[in-house]
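Worksheet: one structure, shown below.
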Amino acid sequence: RRAADHVCEAFGDDGIQSVGGHPEIEPALVELARLTGEQRYLDQAVRFLDRRGRGTLPEHAMGRAYFQDDVPIRDAGALRGHAVRALYLACGAVDAAVETGDDGLLEAVAAQYDRTLARRTYITGGMGAHHAGEAFGDDFVLPADRAYSETCAGVASAMLAWRLLLATGEPRYADALERVLYNVVATSVADDGRSFFYANTLHQRVPTEPVAPDRELLRFSGGPRAPWFEVSCCLPNAARLLASLGAYLATADLGGLQLHQYADAEVRTRLGDGRAVGVAVATGYPDTGTVRVRVTEAPGGEWELALRVPHWAEGAVLAEPGGARRPVAPG
């Protein structure tokens, strides 16, 4: 809190009229406001968001889009520039929009992410087409052999998809989260957990050459997973997401419980009205298509159990207690 107080003082209305070069403090300030109830932290996050895109940072060789300082957040058509910076800034914008009731800001970020998913995202869910600038390309510029798809960008995309799912209730964001979790985040780390991909290239034109474990891997594109990089952001980022994965599986509201992701799990929580509910999930998903959900704790009265049907799962069937079976559409 002392550090945040210094930030609010140094960058407040009467302080330095600029922003940080790497957007991360915005979601941190909103989260601190939620935790402490202190309005000044939320106000400062909003200040940083409003200042972004107005050319307050120095020129950069990759252009102002590298720092997300080229266009105000509300005016952008899609995510652009440095992919990780763009996604973290969008996370902060969603957080602030939810806390302040700013529907216009939320709608703007959702539209940018939707267009980015449709036009600037690899089939794996990876984001970032250019090694130069670790950046998004233009619409439909997605070279397979030069894909950057940084692991950090995959983690940040998962964070943004989760926020938009919570803010809108739209299951397509749970689909986006699932895609990037299985195809970027999970595959970036080796099975033994001792090496990782910084960038996740889709197509490699030359054979992989092994690197000695005591040597640092100096290039990002192609090659084997590395035990470490001089820029070590991706490995702890992936560890943080995997450690908190349980928080991404389910939500509860006044009327019931919603399961968004499928994994072996026990979920126990309370509905918005205080009633306790619990379910146990057993599955080999995605290797097998069967997901069994057993209610382990149920309150008195009616409540709703909602299960996401993945967008790709045409022909899915819900088997209910008693033997009844019926088709269910994606959504």
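If you're wondering about the labels, chains in the structure tokens are A, B, ... by order shown, residues count from 1 in each chain, ligands from 1 in order shown.
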8 Å contact set for Gln68 (chain A), only C-alpha atoms, chain neighbours under 3 positions out, as a list in words: Arg52, Gly53, Arg64, Ala65, Val71, Arg80, Gly81, His82, Arg85 and Ala86 of chain A
Distance query region 303-314 of chain A at most 6 Å, only C-alpha atoms, self and fewer than 4 positions along chain excluded, as a count of residues only: 8
For Glu216 (chain A), which of A:Tyr122, A:Tyr66, A:Phe229, A:Trp162 is the closest residue, counting only C-alpha atoms?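 Selected residue with least distance to Glu216 (chain A): A:Phe229.
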Which of region 234-293 of chain A DSSP labels strand (DSSP E), written as a PyMOL selection string: chain A and resi 250-252+256-259+265-270+276-283+291-293
How would the residues just chosen look if you wrote them out with C-alpha atoms as an mmCIF file, in the first residue's frame?
```cif
data_model
loop_
_atom_site.group_PDB
_atom_site.id
_atom_site.type_symbol
_atom_site.label_atom_id
_atom_site.label_comp_id
_atom_site.auth_asym_id
_atom_site.auth_seq_id
_atom_site.Cartn_x
_atom_site.Cartn_y
_atom_site.Cartn_z
ATOM 1 C CA ALA A 250 -16.274 -22.302 -12.080
ATOM 2 C CA THR A 251 -18.366 -19.344 -11.011
ATOM 3 C CA ALA A 252 -21.426 -18.926 -8.791
ATOM 4 C CA GLY A 256 -26.644 -21.360 -9.392
ATOM 5 C CA LEU A 257 -23.230 -22.723 -10.306
ATOM 6 C CA GLN A 258 -21.534 -22.525 -13.707
ATOM 7 C CA LEU A 259 -18.760 -24.861 -14.892
ATOM 8 C CA ALA A 265 -12.033 -31.248 -9.572
ATOM 9 C CA GLU A 266 -14.117 -30.830 -6.461
ATOM 10 C CA VAL A 267 -15.966 -27.533 -6.305
ATOM 11 C CA ARG A 268 -17.526 -26.306 -3.056
ATOM 12 C CA THR A 269 -18.844 -22.788 -2.789
ATOM 13 C CA ARG A 270 -21.853 -20.684 -1.843
ATOM 14 C CA ALA A 276 -23.862 -24.020 -0.068
ATOM 15 C CA VAL A 277 -23.390 -26.118 -3.225
ATOM 16 C CA GLY A 278 -20.826 -28.671 -4.310
ATOM 17 C CA VAL A 279 -20.001 -30.822 -7.334
ATOM 18 C CA ALA A 280 -17.337 -33.396 -8.205
ATOM 19 C CA VAL A 281 -16.031 -33.524 -11.777
ATOM 20 C CA ALA A 282 -14.291 -36.573 -13.268
ATOM 21 C CA THR A 283 -12.953 -36.538 -16.818
ATOM 22 C CA VAL A 291 -17.290 -35.420 -18.468
ATOM 23 C CA ARG A 292 -19.110 -36.725 -15.391
ATOM 24 C CA VAL A 293 -20.516 -34.177 -12.964
#
```
Taking only region 178-253 of chain A into account, list the residues labelled helix (DSSP H, G or I) by DSSP (computed from the backbone), as a list of chain:residue names. A:Glu178, A:Arg179, A:Val180, A:Leu181, A:Tyr182, A:Asn183, A:Val184, A:Val185, A:Ala186, A:Thr187, A:Ser188, A:Cys234, A:Leu235, A:Pro236, A:Asn237, A:Ala238, A:Ala239, A:Arg240, A:Leu241, A:Leu242, A:Ala243, A:Leu245, A:Gly246, A:Ala247, A:Tyr248
Pairwise distance for CA of Val109 (chain A) and CA of Leu42 (chain A), rounded to one decimal in Å: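 So the two atoms, CA of Val109 (chain A) and CA of Leu42 (chain A), lie 18.1 Å apart.
Residues in contact range of Gln204 (chain A), defined as at most 12 Å between only C-alpha atoms, with sequence neighbours fewer than 6 positions away removed, read A:Pro143, A:Ala144, A:Asp145, A:Arg146, A:Ala147, A:Tyr148, A:Ser221, A:Gly222, A:Gly223, A:Pro224.
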Dump N, CA and C atoms for the selected residues as a PDB file, in the first residue's frame?
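again-v2.pdb, freshly written:
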```pdb
ATOM      1  N   PRO A 143       2.125 -15.577 -40.082  1.00  0.00           N
ATOM      2  CA  PRO A 143       3.084 -16.541 -40.642  1.00  0.00           C
ATOM      3  C   PRO A 143       3.380 -17.677 -39.664  1.00  0.00           C
ATOM      4  N   ALA A 144       3.227 -18.912 -40.120  1.00  0.00           N
ATOM      5  CA  ALA A 144       3.388 -20.064 -39.230  1.00  0.00           C
ATOM      6  C   ALA A 144       4.830 -20.247 -38.777  1.00  0.00           C
ATOM      7  N   ASP A 145       5.788 -20.007 -39.682  1.00  0.00           N
ATOM      8  CA  ASP A 145       7.185 -20.257 -39.335  1.00  0.00           C
ATOM      9  C   ASP A 145       7.834 -19.072 -38.629  1.00  0.00           C
ATOM     10  N   ARG A 146       7.135 -17.963 -38.553  1.00  0.00           N
ATOM     11  CA  ARG A 146       7.681 -16.813 -37.843  1.00  0.00           C
ATOM     12  C   ARG A 146       6.762 -16.404 -36.689  1.00  0.00           C
ATOM     13  N   ALA A 147       5.859 -17.302 -36.324  1.00  0.00           N
ATOM     14  CA  ALA A 147       4.955 -16.994 -35.224  1.00  0.00           C
ATOM     15  C   ALA A 147       5.752 -16.693 -33.960  1.00  0.00           C
ATOM     16  N   TYR A 148       5.370 -15.645 -33.289  1.00  0.00           N
ATOM     17  CA  TYR A 148       6.003 -15.338 -32.020  1.00  0.00           C
ATOM     18  C   TYR A 148       5.223 -16.022 -30.892  1.00  0.00           C
ATOM     19  N   SER A 221      13.204 -18.018 -31.655  1.00  0.00           N
ATOM     20  CA  SER A 221      12.424 -18.731 -32.675  1.00  0.00           C
ATOM     21  C   SER A 221      12.966 -20.132 -32.897  1.00  0.00           C
ATOM     22  N   GLY A 222      12.060 -21.117 -32.936  1.00  0.00           N
ATOM     23  CA  GLY A 222      12.482 -22.480 -33.198  1.00  0.00           C
ATOM     24  C   GLY A 222      13.366 -23.024 -32.092  1.00  0.00           C
ATOM     25  N   GLY A 223      13.939 -24.186 -32.337  1.00  0.00           N
ATOM     26  CA  GLY A 223      14.835 -24.765 -31.357  1.00  0.00           C
ATOM     27  C   GLY A 223      14.094 -25.429 -30.219  1.00  0.00           C
ATOM     28  N   PRO A 224      14.846 -25.976 -29.277  1.00  0.00           N
ATOM     29  CA  PRO A 224      14.242 -26.716 -28.160  1.00  0.00           C
ATOM     30  C   PRO A 224      13.717 -25.775 -27.087  1.00  0.00           C
TER      31      PRO A 224
END
```
May I have the residues within 10 Å of Pro213 (chain A) as a PyMOL selection string, using only C-alpha atoms and disregarding those fewer than 5 positions away in the same chain? chain A and resi 194-195+226-228
How would the residues just picked look written out with N, CA, C and O atoms as an mmCIF file, in the first residue's frame?
```cif
data_model
loop_
_atom_site.group_PDB
_atom_site.id
_atom_site.type_symbol
_atom_site.label_atom_id
_atom_site.label_comp_id
_atom_site.auth_asym_id
_atom_site.auth_seq_id
_atom_site.Cartn_x
_atom_site.Cartn_y
_atom_site.Cartn_z
ATOM 1 N N ARG A 194 11.053 -28.569 -16.466
ATOM 2 C CA ARG A 194 12.387 -27.994 -16.311
ATOM 3 C C ARG A 194 12.830 -27.132 -17.494
ATOM 4 O O ARG A 194 13.954 -26.631 -17.518
ATOM 5 N N SER A 195 11.987 -26.963 -18.484
ATOM 6 C CA SER A 195 12.332 -26.107 -19.610
ATOM 7 C C SER A 195 11.044 -25.597 -20.245
ATOM 8 O O SER A 195 9.962 -26.134 -20.002
ATOM 9 N N ALA A 226 13.944 -24.101 -23.548
ATOM 10 C CA ALA A 226 15.137 -23.650 -22.845
ATOM 11 C C ALA A 226 14.941 -23.748 -21.347
ATOM 12 O O ALA A 226 13.833 -23.519 -20.844
ATOM 13 N N PRO A 227 16.005 -24.092 -20.602
ATOM 14 C CA PRO A 227 15.877 -24.116 -19.143
ATOM 15 C C PRO A 227 15.736 -22.711 -18.554
ATOM 16 O O PRO A 227 15.184 -22.551 -17.469
ATOM 17 N N TRP A 228 16.221 -21.705 -19.278
ATOM 18 C CA TRP A 228 16.148 -20.331 -18.770
ATOM 19 C C TRP A 228 16.422 -19.371 -19.910
ATOM 20 O O TRP A 228 17.037 -19.719 -20.903
#
```
Region 163-213 of chain A near region 124-133 of chain A within 6 Å: what's each residue's closest atom pair and its distance in Å to one decimal, counting only C-alpha atoms, ordered by chain then ascending residue number, as CSV?
```
residue,atom,partner,partner_atom,distance
A:Arg179,CA,A:Gly125,CA,5.7
A:Val180,CA,A:Gly125,CA,4.6
A:Asn183,CA,A:Thr124,CA,5.3
```
Residue selection dump (N, CA, C and O atoms) as a CSV table (one decimal), in the first residue's frame:
```
chain,number,residue,atom,x,y,z
A,179,ARG,N,-8.9,-22.7,-25.3
A,179,ARG,CA,-8.0,-22.9,-26.5
A,179,ARG,C,-6.6,-22.5,-26.2
A,179,ARG,O,-5.6,-23.3,-26.5
A,180,VAL,N,-6.4,-21.4,-25.5
A,180,VAL,CA,-5.0,-20.9,-25.3
A,180,VAL,C,-4.4,-21.7,-24.1
A,180,VAL,O,-3.2,-22.0,-24.1
A,183,ASN,N,-3.3,-25.2,-25.8
A,183,ASN,CA,-2.4,-25.2,-27.0
A,183,ASN,C,-1.2,-24.3,-26.9
A,183,ASN,O,-0.3,-24.4,-27.7
```
Could you list, as a PyMOL selection string, every residue within 12 Å of Phe67 (chain A), counting only C-alpha atoms and ignoring same-chain residues fewer than 5 positions away? chain A and resi 19-24+52-62+72+79-89+133-135
Limited to N, CA, C and O atoms, could you put the picked residues into a file as a short mmCIF file (atom, residue, chain, number, x, y, z; two decimals), in the first residue's frame?
```cif
data_model
loop_
_atom_site.label_atom_id
_atom_site.label_comp_id
_atom_site.auth_asym_id
_atom_site.auth_seq_id
_atom_site.Cartn_x
_atom_site.Cartn_y
_atom_site.Cartn_z
N VAL A 19 2.51 7.75 -18.17
CA VAL A 19 2.10 6.37 -17.88
C VAL A 19 3.34 5.49 -17.85
O VAL A 19 4.42 5.89 -18.30
N GLY A 20 3.18 4.26 -17.37
CA GLY A 20 4.28 3.31 -17.37
C GLY A 20 4.50 2.72 -18.75
O GLY A 20 3.57 2.59 -19.54
N GLY A 21 5.75 2.35 -19.03
CA GLY A 21 6.05 1.79 -20.34
C GLY A 21 5.47 0.41 -20.57
O GLY A 21 5.23 0.01 -21.71
N HIS A 22 5.27 -0.34 -19.49
CA HIS A 22 4.71 -1.70 -19.62
C HIS A 22 3.46 -1.77 -18.76
O HIS A 22 3.55 -1.86 -17.54
N PRO A 23 2.26 -1.72 -19.35
CA PRO A 23 1.03 -1.73 -18.56
C PRO A 23 0.94 -2.99 -17.69
O PRO A 23 0.87 -4.10 -18.22
N GLU A 24 0.99 -2.81 -16.41
CA GLU A 24 0.77 -3.88 -15.44
C GLU A 24 0.18 -3.31 -14.15
O GLU A 24 -0.54 -3.99 -13.45
N ARG A 52 -3.39 6.88 -21.50
CA ARG A 52 -2.75 5.99 -22.48
C ARG A 52 -3.21 6.36 -23.89
O ARG A 52 -4.36 6.64 -24.15
N GLY A 53 -2.26 6.32 -24.83
CA GLY A 53 -2.60 6.59 -26.22
C GLY A 53 -2.56 8.05 -26.60
O GLY A 53 -3.05 8.43 -27.67
N ARG A 54 -1.98 8.89 -25.76
CA ARG A 54 -1.95 10.33 -26.03
C ARG A 54 -0.53 10.84 -26.24
O ARG A 54 -0.27 12.04 -26.15
N GLY A 55 0.41 9.91 -26.51
CA GLY A 55 1.77 10.31 -26.85
C GLY A 55 2.55 10.88 -25.69
O GLY A 55 3.40 11.76 -25.89
N THR A 56 2.31 10.39 -24.48
CA THR A 56 3.05 10.92 -23.33
C THR A 56 4.42 10.27 -23.16
O THR A 56 5.29 10.82 -22.48
N LEU A 57 4.63 9.10 -23.77
CA LEU A 57 5.91 8.41 -23.66
C LEU A 57 6.83 8.81 -24.81
O LEU A 57 6.36 9.27 -25.86
N PRO A 58 8.15 8.63 -24.63
CA PRO A 58 9.08 8.99 -25.71
C PRO A 58 8.84 8.15 -26.97
O PRO A 58 8.25 7.07 -26.91
N GLU A 59 9.29 8.65 -28.09
CA GLU A 59 9.22 7.89 -29.33
C GLU A 59 9.99 6.58 -29.18
O GLU A 59 10.96 6.48 -28.43
N HIS A 60 9.54 5.54 -29.90
CA HIS A 60 10.19 4.24 -29.85
C HIS A 60 10.45 3.78 -31.27
O HIS A 60 9.69 4.10 -32.19
N ALA A 61 11.51 3.00 -31.46
CA ALA A 61 11.86 2.53 -32.80
C ALA A 61 10.74 1.73 -33.44
O ALA A 61 10.59 1.71 -34.66
N MET A 62 9.94 1.06 -32.62
CA MET A 62 8.83 0.26 -33.13
C MET A 62 7.53 1.06 -33.24
O MET A 62 6.49 0.49 -33.55
N PRO A 72 -5.97 6.30 -27.99
CA PRO A 72 -6.70 6.08 -26.73
C PRO A 72 -7.42 4.74 -26.75
O PRO A 72 -7.88 4.27 -27.80
N LEU A 79 -6.45 -5.09 -30.90
CA LEU A 79 -5.19 -5.06 -30.16
C LEU A 79 -4.06 -4.98 -31.16
O LEU A 79 -4.07 -5.64 -32.20
N ARG A 80 -3.03 -4.20 -30.85
CA ARG A 80 -1.93 -3.98 -31.78
C ARG A 80 -0.68 -3.66 -30.98
O ARG A 80 -0.73 -3.48 -29.77
N GLY A 81 0.45 -3.58 -31.71
CA GLY A 81 1.70 -3.30 -31.04
C GLY A 81 2.18 -4.49 -30.22
O GLY A 81 1.84 -5.65 -30.50
N HIS A 82 2.99 -4.23 -29.21
CA HIS A 82 3.56 -5.27 -28.36
C HIS A 82 2.44 -6.09 -27.73
O HIS A 82 1.58 -5.56 -27.00
N ALA A 83 2.41 -7.39 -28.00
CA ALA A 83 1.24 -8.20 -27.66
C ALA A 83 1.00 -8.28 -26.16
O ALA A 83 -0.16 -8.16 -25.71
N VAL A 84 2.04 -8.50 -25.38
CA VAL A 84 1.85 -8.65 -23.94
C VAL A 84 1.39 -7.32 -23.34
O VAL A 84 0.47 -7.28 -22.50
N ARG A 85 2.00 -6.22 -23.76
CA ARG A 85 1.57 -4.92 -23.26
C ARG A 85 0.11 -4.67 -23.59
O ARG A 85 -0.67 -4.18 -22.76
N ALA A 86 -0.29 -4.98 -24.83
CA ALA A 86 -1.67 -4.75 -25.24
C ALA A 86 -2.65 -5.54 -24.39
O ALA A 86 -3.70 -5.02 -23.98
N LEU A 87 -2.34 -6.78 -24.12
CA LEU A 87 -3.25 -7.64 -23.37
C LEU A 87 -3.32 -7.26 -21.90
O LEU A 87 -4.40 -7.26 -21.30
N TYR A 88 -2.20 -6.90 -21.30
CA TYR A 88 -2.23 -6.46 -19.90
C TYR A 88 -3.01 -5.16 -19.76
O TYR A 88 -3.76 -4.97 -18.79
N LEU A 89 -2.83 -4.25 -20.71
CA LEU A 89 -3.58 -3.00 -20.66
C LEU A 89 -5.08 -3.27 -20.76
O LEU A 89 -5.89 -2.67 -20.05
N GLY A 133 9.59 -6.50 -32.27
CA GLY A 133 8.60 -5.81 -31.47
C GLY A 133 7.69 -6.72 -30.69
O GLY A 133 6.78 -6.25 -30.00
N GLU A 134 7.90 -8.06 -30.79
CA GLU A 134 7.05 -9.02 -30.08
C GLU A 134 5.58 -8.64 -30.25
O GLU A 134 4.80 -8.59 -29.29
N ALA A 135 5.18 -8.40 -31.51
CA ALA A 135 3.98 -7.64 -31.76
C ALA A 135 2.93 -8.38 -32.57
O ALA A 135 3.21 -9.36 -33.27
#
```
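Among the candidates A:Leu142, A:Leu105, A:Leu177, A:Ala329, the residue lying nearest to His203 (chain A) is A:Leu142 (atoms considered: only C-alpha atoms).
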So that I can check the surroundings of region 231-247 of chain A, please list as a VMD selection string every protein, DNA and RNA residue that reaches within 7 Å of it, counting only C-alpha atoms and ignoring chain neighbours fewer than 5 positions away. chain A and resid 151 to 152 155 185 196 198
Just want the 10 Å neighbourhood of Tyr41 (chain A), counted on only C-alpha atoms, with same-chain residues fewer than 2 positions away dropped. Output as an MDAnalysis selection string. chainID A and resid 1 4:5 7:8 26 28:34 36:39 43:47
Deliver the residues from the most recent selection as a file, using C-alpha atoms, as a compact mmCIF listing (two decimals), in the first residue's frame.
```txt
# COMPACT_ATOMS: atom_id res chain seq x y z
CA ARG A 1 0.00 0.00 0.00
CA ALA A 4 0.72 2.45 -4.30
CA ASP A 5 0.34 5.62 -2.20
CA VAL A 7 2.39 6.13 -7.16
CA CYS A 8 -0.87 8.00 -6.56
CA GLU A 26 -3.46 -0.77 -13.79
CA ALA A 28 -2.80 -4.17 -9.70
CA LEU A 29 -4.26 -0.85 -8.56
CA VAL A 30 -7.82 -2.01 -9.23
CA GLU A 31 -7.20 -5.22 -7.28
CA LEU A 32 -5.73 -3.22 -4.40
CA ALA A 33 -8.80 -0.98 -4.41
CA ARG A 34 -11.03 -4.07 -4.22
CA THR A 36 -8.72 -2.27 0.72
CA GLY A 37 -11.82 -0.33 -0.30
CA GLU A 38 -9.61 2.70 -1.01
CA GLN A 39 -11.09 4.73 -3.88
CA ASP A 43 -9.02 6.54 -9.42
CA GLN A 44 -5.31 6.27 -10.22
CA ALA A 45 -5.86 3.21 -12.40
CA VAL A 46 -8.49 5.16 -14.35
CA ARG A 47 -6.07 8.08 -14.73
```
